[in-house]
file my_file_31.pdb (PDB, C-alpha atoms)
ATOM      1  CA  MET A  25       8.727 -11.331 -12.417
ATOM      2  CA  GLU A  26       9.458 -13.849  -9.689
ATOM      3  CA  SER A  27       8.082 -13.947  -6.155
ATOM      4  CA  PHE A  28      11.438 -12.729  -4.815
ATOM      5  CA  ASP A  29      10.983  -9.537  -6.803
ATOM      6  CA  LEU A  30       7.454  -9.123  -5.453
ATOM      7  CA  LYS A  31       8.756  -9.359  -1.899
ATOM      8  CA  ARG A  32      11.288  -6.660  -2.717
ATOM      9  CA  TYR A  33       8.508  -4.464  -4.061
ATOM     10  CA  ALA A  34       6.562  -5.040  -0.837
ATOM     11  CA  HIS A  35       9.581  -3.999   1.216
ATOM     12  CA  ILE A  36       9.980  -0.766  -0.768
ATOM     13  CA  GLY A  37       6.217  -0.205  -0.907
ATOM     14  CA  ASP A  38       5.920  -0.389   2.864
ATOM     15  CA  ALA A  39       8.430   2.443   3.264
ATOM     16  CA  VAL A  40       7.052   4.570   0.417
ATOM     17  CA  TYR A  41       3.468   4.288   1.671
ATOM     18  CA  GLU A  42       4.462   5.177   5.240
ATOM     19  CA  LEU A  43       6.397   8.191   3.978
ATOM     20  CA  PHE A  44       3.364   9.286   1.922
ATOM     21  CA  ILE A  45       1.188   9.097   5.048
ATOM     22  CA  ARG A  46       3.755  10.864   7.247
ATOM     23  CA  GLU A  47       4.264  13.648   4.695
ATOM     24  CA  ASN A  48       0.546  14.343   4.794
ATOM     25  CA  VAL A  49      -0.016  13.895   8.528
ATOM     26  CA  VAL A  50       2.790  16.255   9.495
ATOM     27  CA  PHE A  51       0.871  19.175   7.933
ATOM     28  CA  LYS A  52      -2.447  18.240   9.541
ATOM     29  CA  VAL A  53      -1.591  18.255  13.248
ATOM     30  CA  LYS A  54       0.957  19.811  15.589
ATOM     31  CA  SER A  55       0.951  17.285  18.423
ATOM     32  CA  LEU A  56       3.570  14.552  18.046
ATOM     33  CA  ASN A  57       1.313  12.130  19.891
ATOM     34  CA  LEU A  58      -1.563  12.826  17.491
ATOM     35  CA  MET A  59       0.808  12.552  14.507
ATOM     36  CA  HIS A  60       1.787   9.072  15.673
ATOM     37  CA  LYS A  61      -1.833   8.024  16.244
ATOM     38  CA  MET A  62      -2.939   9.300  12.841
ATOM     39  CA  THR A  63      -0.007   7.648  11.089
ATOM     40  CA  THR A  64      -0.588   4.270  12.717
ATOM     41  CA  SER A  65      -4.304   4.461  11.900
ATOM     42  CA  PHE A  66      -3.367   4.495   8.191
ATOM     43  CA  VAL A  67      -0.224   2.346   8.289
ATOM     44  CA  ASN A  68      -1.428  -1.022   9.524
ATOM     45  CA  ALA A  69      -2.438  -4.284   7.887
ATOM     46  CA  ASN A  70      -6.188  -3.873   8.447
ATOM     47  CA  PHE A  71      -6.338  -0.416   6.873
ATOM     48  CA  GLN A  72      -4.016  -1.363   4.020
ATOM     49  CA  ALA A  73      -6.118  -4.460   3.284
ATOM     50  CA  LYS A  74      -9.222  -2.255   3.008
ATOM     51  CA  MET A  75      -7.372   0.113   0.670
ATOM     52  CA  ALA A  76      -6.161  -2.866  -1.360
ATOM     53  CA  GLU A  77      -9.714  -4.054  -1.928
ATOM     54  CA  ILE A  78     -10.914  -0.594  -2.949
ATOM     55  CA  ILE A  79      -8.095   0.111  -5.372
ATOM     56  CA  PHE A  80      -8.150  -3.435  -6.816
ATOM     57  CA  ASN A  81     -11.859  -3.223  -7.604
ATOM     58  CA  ASN A  82     -11.925   0.363  -8.837
ATOM     59  CA  PHE A  83      -8.602   1.896  -9.793
ATOM     60  CA  LEU A  84      -5.967  -0.596 -10.967
ATOM     61  CA  ASN A  85      -5.346  -1.361 -14.620
ATOM     62  CA  GLU A  86      -5.097  -4.966 -15.810
ATOM     63  CA  GLU A  87      -1.299  -5.175 -15.468
ATOM     64  CA  GLU A  88      -1.479  -3.839 -11.898
ATOM     65  CA  ARG A  89      -4.339  -6.217 -11.072
ATOM     66  CA  GLU A  90      -2.231  -9.163 -12.249
ATOM     67  CA  ILE A  91       0.705  -8.061 -10.076
ATOM     68  CA  PHE A  92      -1.713  -7.634  -7.154
ATOM     69  CA  ARG A  93      -3.114 -11.164  -7.653
ATOM     70  CA  ARG A  94       0.354 -12.666  -7.726
ATOM     71  CA  ALA A  95       1.418 -10.669  -4.672
ATOM     72  CA  ARG A  96      -1.686 -11.744  -2.763
ATOM     73  CA  ASN A  97      -0.657 -15.357  -3.321
ATOM     74  CA  LEU A  98       2.968 -14.995  -2.179
ATOM     75  CA  ASN A  99       4.295 -17.574   0.228
ATOM     76  CA  LEU A 100       4.609 -15.480   3.393
ATOM     77  CA  THR A 101       5.423 -16.113   7.004
ATOM     78  CA  ILE A 102       2.442 -14.775   8.920
ATOM     79  CA  ASN A 103       2.334 -14.350  12.681
ATOM     80  CA  LYS A 104      -0.312 -16.610  14.256
ATOM     81  CA  LYS A 105      -2.140 -13.645  15.778
ATOM     82  CA  ASN A 106      -2.629 -12.016  12.363
ATOM     83  CA  ASN A 107      -5.421 -12.819   9.942
ATOM     84  CA  PRO A 108      -3.742 -14.401   6.880
ATOM     85  CA  GLY A 109      -6.269 -12.882   4.443
ATOM     86  CA  VAL A 110      -5.758  -9.396   5.822
ATOM     87  CA  HIS A 111      -1.994  -9.836   5.772
ATOM     88  CA  ARG A 112      -2.031 -11.062   2.160
ATOM     89  CA  HIS A 113      -4.117  -8.109   0.967
ATOM     90  CA  ALA A 114      -1.964  -5.618   2.886
ATOM     91  CA  THR A 115       1.162  -7.150   1.338
ATOM     92  CA  ALA A 116      -0.375  -6.969  -2.143
ATOM     93  CA  PHE A 117      -1.128  -3.282  -1.499
ATOM     94  CA  GLU A 118       2.519  -2.711  -0.531
ATOM     95  CA  VAL A 119       3.695  -4.592  -3.632
ATOM     96  CA  ILE A 120       1.638  -2.304  -5.888
ATOM     97  CA  ILE A 121       3.042   0.785  -4.166
ATOM     98  CA  GLY A 122       6.620  -0.548  -4.423
ATOM     99  CA  TYR A 123       6.179  -1.682  -8.015
ATOM    100  CA  LEU A 124       4.874   1.715  -9.080
ATOM    101  CA  TYR A 125       7.594   3.512  -7.123
ATOM    102  CA  ILE A 126      10.271   1.584  -9.038
ATOM    103  CA  GLN A 127       8.577   1.264 -12.426
ATOM    104  CA  ASN A 128       6.201   4.224 -12.858
ATOM    105  CA  LYS A 129       6.363   7.143 -10.425
ATOM    106  CA  THR A 130       3.792   9.112 -12.449
ATOM    107  CA  ARG A 131       1.261   6.323 -11.967
ATOM    108  CA  LEU A 132       2.170   6.136  -8.263
ATOM    109  CA  GLU A 133       1.427   9.845  -7.930
ATOM    110  CA  GLU A 134      -1.948   9.228  -9.623
ATOM    111  CA  LEU A 135      -2.702   6.425  -7.178
ATOM    112  CA  PHE A 136      -1.723   8.578  -4.181
ATOM    113  CA  LYS A 137      -3.984  11.330  -5.545
ATOM    114  CA  ILE A 138      -6.823   8.784  -5.741
ATOM    115  CA  LEU A 139      -6.154   7.689  -2.161
ATOM    116  CA  LYS A 140      -6.314  11.307  -0.988
ATOM    117  CA  GLU A 141      -9.096  12.757  -3.131
ATOM    118  CA  GLU A 142     -11.398   9.931  -4.136
ATOM    119  CA  ILE A 143     -11.029   7.599  -1.178
ATOM    120  CA  GLY A 144     -10.418  10.394   1.298
ATOM    121  CA  ILE A 145      -7.507   9.218   3.372
ATOM    122  CA  ILE A 146      -5.465  11.966   5.002
TER
END
call {"tool": "encode", "arguments": {"input": "my_file_31.pdb", "output": "structure tokens"}}
result
Amino acid sequence: MESFDLKRYAHIGDAVYELFIRENVVFKVKSLNLMHKMTTSFVNANFQAKMAEIIFNNFLNEEEREIFRRARNLNLTINKKNNPGVHRHATAFEVIIGYLYIQNKTRLEELFKILKEEIGII
């Protein structure tokens, strides 16, 4: 798996994760403004970096951990105002989501269940 593939996984993972959050938020609140605020509180680099650390340390298998490590070390263009470490972890989180979406949807569903039930997001 080359870095180009990892970037593709990140691109897909970003969309899949946001859809997961939106699907859950839409049933929690009625106000569109509150829906947007809740969604953006979960779909941002800082939050995703925190989730990345939790799942890396507690819930990923060895293959997923290796993909995460490689994704964390991708050569990325990072805006000067962003923390590079946070951005790298958030990207690695998106790569895992995208990888599982493409390669193993059952495992992705397990990971989303962990995010909801064990970590308590949404």
call {"tool": "residues_around", "arguments": {"input": "my_file_31.pdb", "residues": "Ile143 in chain A", "least_positions_apart": "4", "cutoff": "12 Å", "atoms": "all atoms listed in the file", "output": "list in words"}}
result
Lys74, Met75, Ala76, Glu77, Ile78, Ile79, Asn82, Phe83, Leu135, Phe136, Lys137, Ile138 and Leu139 of chain A
call {"tool": "resolve_selection", "arguments": {"input": "my_file_31.pdb", "expression": "the PyMOL selection byres ((chain A and resi 45) around 8)", "output": "number ranges by chain"}}
result
A: 41-44, 46-49, 63, 66-67, 146
call {"tool": "write_last_selection", "arguments": {"input": "my_file_31.pdb", "atoms": "C-alpha atoms", "output": "PDB file, in the coordinates of the input"}}
result
ATOM      1  CA  TYR A  41       3.468   4.288   1.671  1.00  0.00           C
ATOM      2  CA  GLU A  42       4.462   5.177   5.240  1.00  0.00           C
ATOM      3  CA  LEU A  43       6.397   8.191   3.978  1.00  0.00           C
ATOM      4  CA  PHE A  44       3.364   9.286   1.922  1.00  0.00           C
ATOM      5  CA  ARG A  46       3.755  10.864   7.247  1.00  0.00           C
ATOM      6  CA  GLU A  47       4.264  13.648   4.695  1.00  0.00           C
ATOM      7  CA  ASN A  48       0.546  14.343   4.794  1.00  0.00           C
ATOM      8  CA  VAL A  49      -0.016  13.895   8.528  1.00  0.00           C
ATOM      9  CA  THR A  63      -0.007   7.648  11.089  1.00  0.00           C
ATOM     10  CA  PHE A  66      -3.367   4.495   8.191  1.00  0.00           C
ATOM     11  CA  VAL A  67      -0.224   2.346   8.289  1.00  0.00           C
ATOM     12  CA  ILE A 146      -5.465  11.966   5.002  1.00  0.00           C
TER      13      ILE A 146
END
call {"tool": "closest_residue", "arguments": {"input": "my_file_31.pdb", "among": "A:Thr64, A:Asn81, A:Thr101, A:Gln72", "to": "Thr115 in chain A", "atoms": "only C-alpha atoms"}}
result
A:Gln72
call {"tool": "atom_distance", "arguments": {"input": "my_file_31.pdb", "atom1": "CA of Val40 in chain A", "atom2": "CA of Arg89 in chain A"}}
result
19.4 Å
call {"tool": "closest_atom_pairs", "arguments": {"input": "my_file_31.pdb", "of": "range 37-91 of chain A", "to": "range 107-113 of chain A", "cutoff": "7 Å", "atoms": "only C-alpha atoms", "output": "JSON lines"}}
result
{"residue": "A:Ala69", "atom": "CA", "partner": "A:His111", "partner_atom": "CA", "distance": 6.0}
{"residue": "A:Asn70", "atom": "CA", "partner": "A:Val110", "partner_atom": "CA", "distance": 6.1}
{"residue": "A:Ala73", "atom": "CA", "partner": "A:His113", "partner_atom": "CA", "distance": 4.8}
{"residue": "A:Ala76", "atom": "CA", "partner": "A:His113", "partner_atom": "CA", "distance": 6.1}
call {"tool": "build_atoms", "arguments": {"input": "my_file_31.pdb", "residues": "range 28-44 of chain A", "atoms": "N, CA, C and O atoms", "output": "compact mmCIF listing (two decimals), keeping the file's coordinate frame"}}
result
# COMPACT_ATOMS: atom_id res chain seq x y z
N PHE A 28 10.40 -13.46 -5.53
CA PHE A 28 11.44 -12.73 -4.82
C PHE A 28 11.36 -11.25 -5.15
O PHE A 28 11.45 -10.40 -4.28
N ASP A 29 11.12 -10.93 -6.39
CA ASP A 29 10.98 -9.54 -6.80
C ASP A 29 9.75 -8.91 -6.16
O ASP A 29 9.79 -7.75 -5.75
N LEU A 30 8.67 -9.65 -6.07
CA LEU A 30 7.45 -9.12 -5.45
C LEU A 30 7.69 -8.80 -3.98
O LEU A 30 7.21 -7.79 -3.47
N LYS A 31 8.45 -9.63 -3.30
CA LYS A 31 8.76 -9.36 -1.90
C LYS A 31 9.61 -8.11 -1.76
O LYS A 31 9.45 -7.33 -0.82
N ARG A 32 10.49 -7.88 -2.73
CA ARG A 32 11.29 -6.66 -2.72
C ARG A 32 10.40 -5.44 -2.93
O ARG A 32 10.58 -4.41 -2.29
N TYR A 33 9.46 -5.56 -3.84
CA TYR A 33 8.51 -4.46 -4.06
C TYR A 33 7.71 -4.18 -2.79
O TYR A 33 7.46 -3.03 -2.46
N ALA A 34 7.30 -5.23 -2.09
CA ALA A 34 6.56 -5.04 -0.84
C ALA A 34 7.42 -4.30 0.19
O ALA A 34 6.92 -3.41 0.89
N HIS A 35 8.67 -4.64 0.26
CA HIS A 35 9.58 -4.00 1.22
C HIS A 35 9.70 -2.50 0.91
O HIS A 35 9.60 -1.66 1.81
N ILE A 36 9.90 -2.17 -0.35
CA ILE A 36 9.98 -0.77 -0.77
C ILE A 36 8.62 -0.10 -0.59
O ILE A 36 8.52 1.03 -0.09
N GLY A 37 7.56 -0.78 -0.99
CA GLY A 37 6.22 -0.20 -0.91
C GLY A 37 5.81 0.15 0.51
O GLY A 37 5.14 1.17 0.74
N ASP A 38 6.21 -0.67 1.46
CA ASP A 38 5.92 -0.39 2.86
C ASP A 38 6.51 0.96 3.26
O ASP A 38 5.84 1.80 3.87
N ALA A 39 7.75 1.19 2.90
CA ALA A 39 8.43 2.44 3.26
C ALA A 39 7.84 3.64 2.51
O ALA A 39 7.62 4.70 3.10
N VAL A 40 7.58 3.47 1.23
CA VAL A 40 7.05 4.57 0.42
C VAL A 40 5.67 4.98 0.90
O VAL A 40 5.37 6.17 1.03
N TYR A 41 4.82 3.99 1.19
CA TYR A 41 3.47 4.29 1.67
C TYR A 41 3.52 5.00 3.03
O TYR A 41 2.82 5.99 3.24
N GLU A 42 4.37 4.52 3.94
CA GLU A 42 4.46 5.18 5.24
C GLU A 42 4.96 6.61 5.09
O GLU A 42 4.48 7.52 5.76
N LEU A 43 5.90 6.83 4.21
CA LEU A 43 6.40 8.19 3.98
C LEU A 43 5.29 9.08 3.40
O LEU A 43 5.12 10.23 3.82
N PHE A 44 4.51 8.55 2.47
CA PHE A 44 3.36 9.29 1.92
C PHE A 44 2.41 9.71 3.05
O PHE A 44 1.99 10.86 3.12
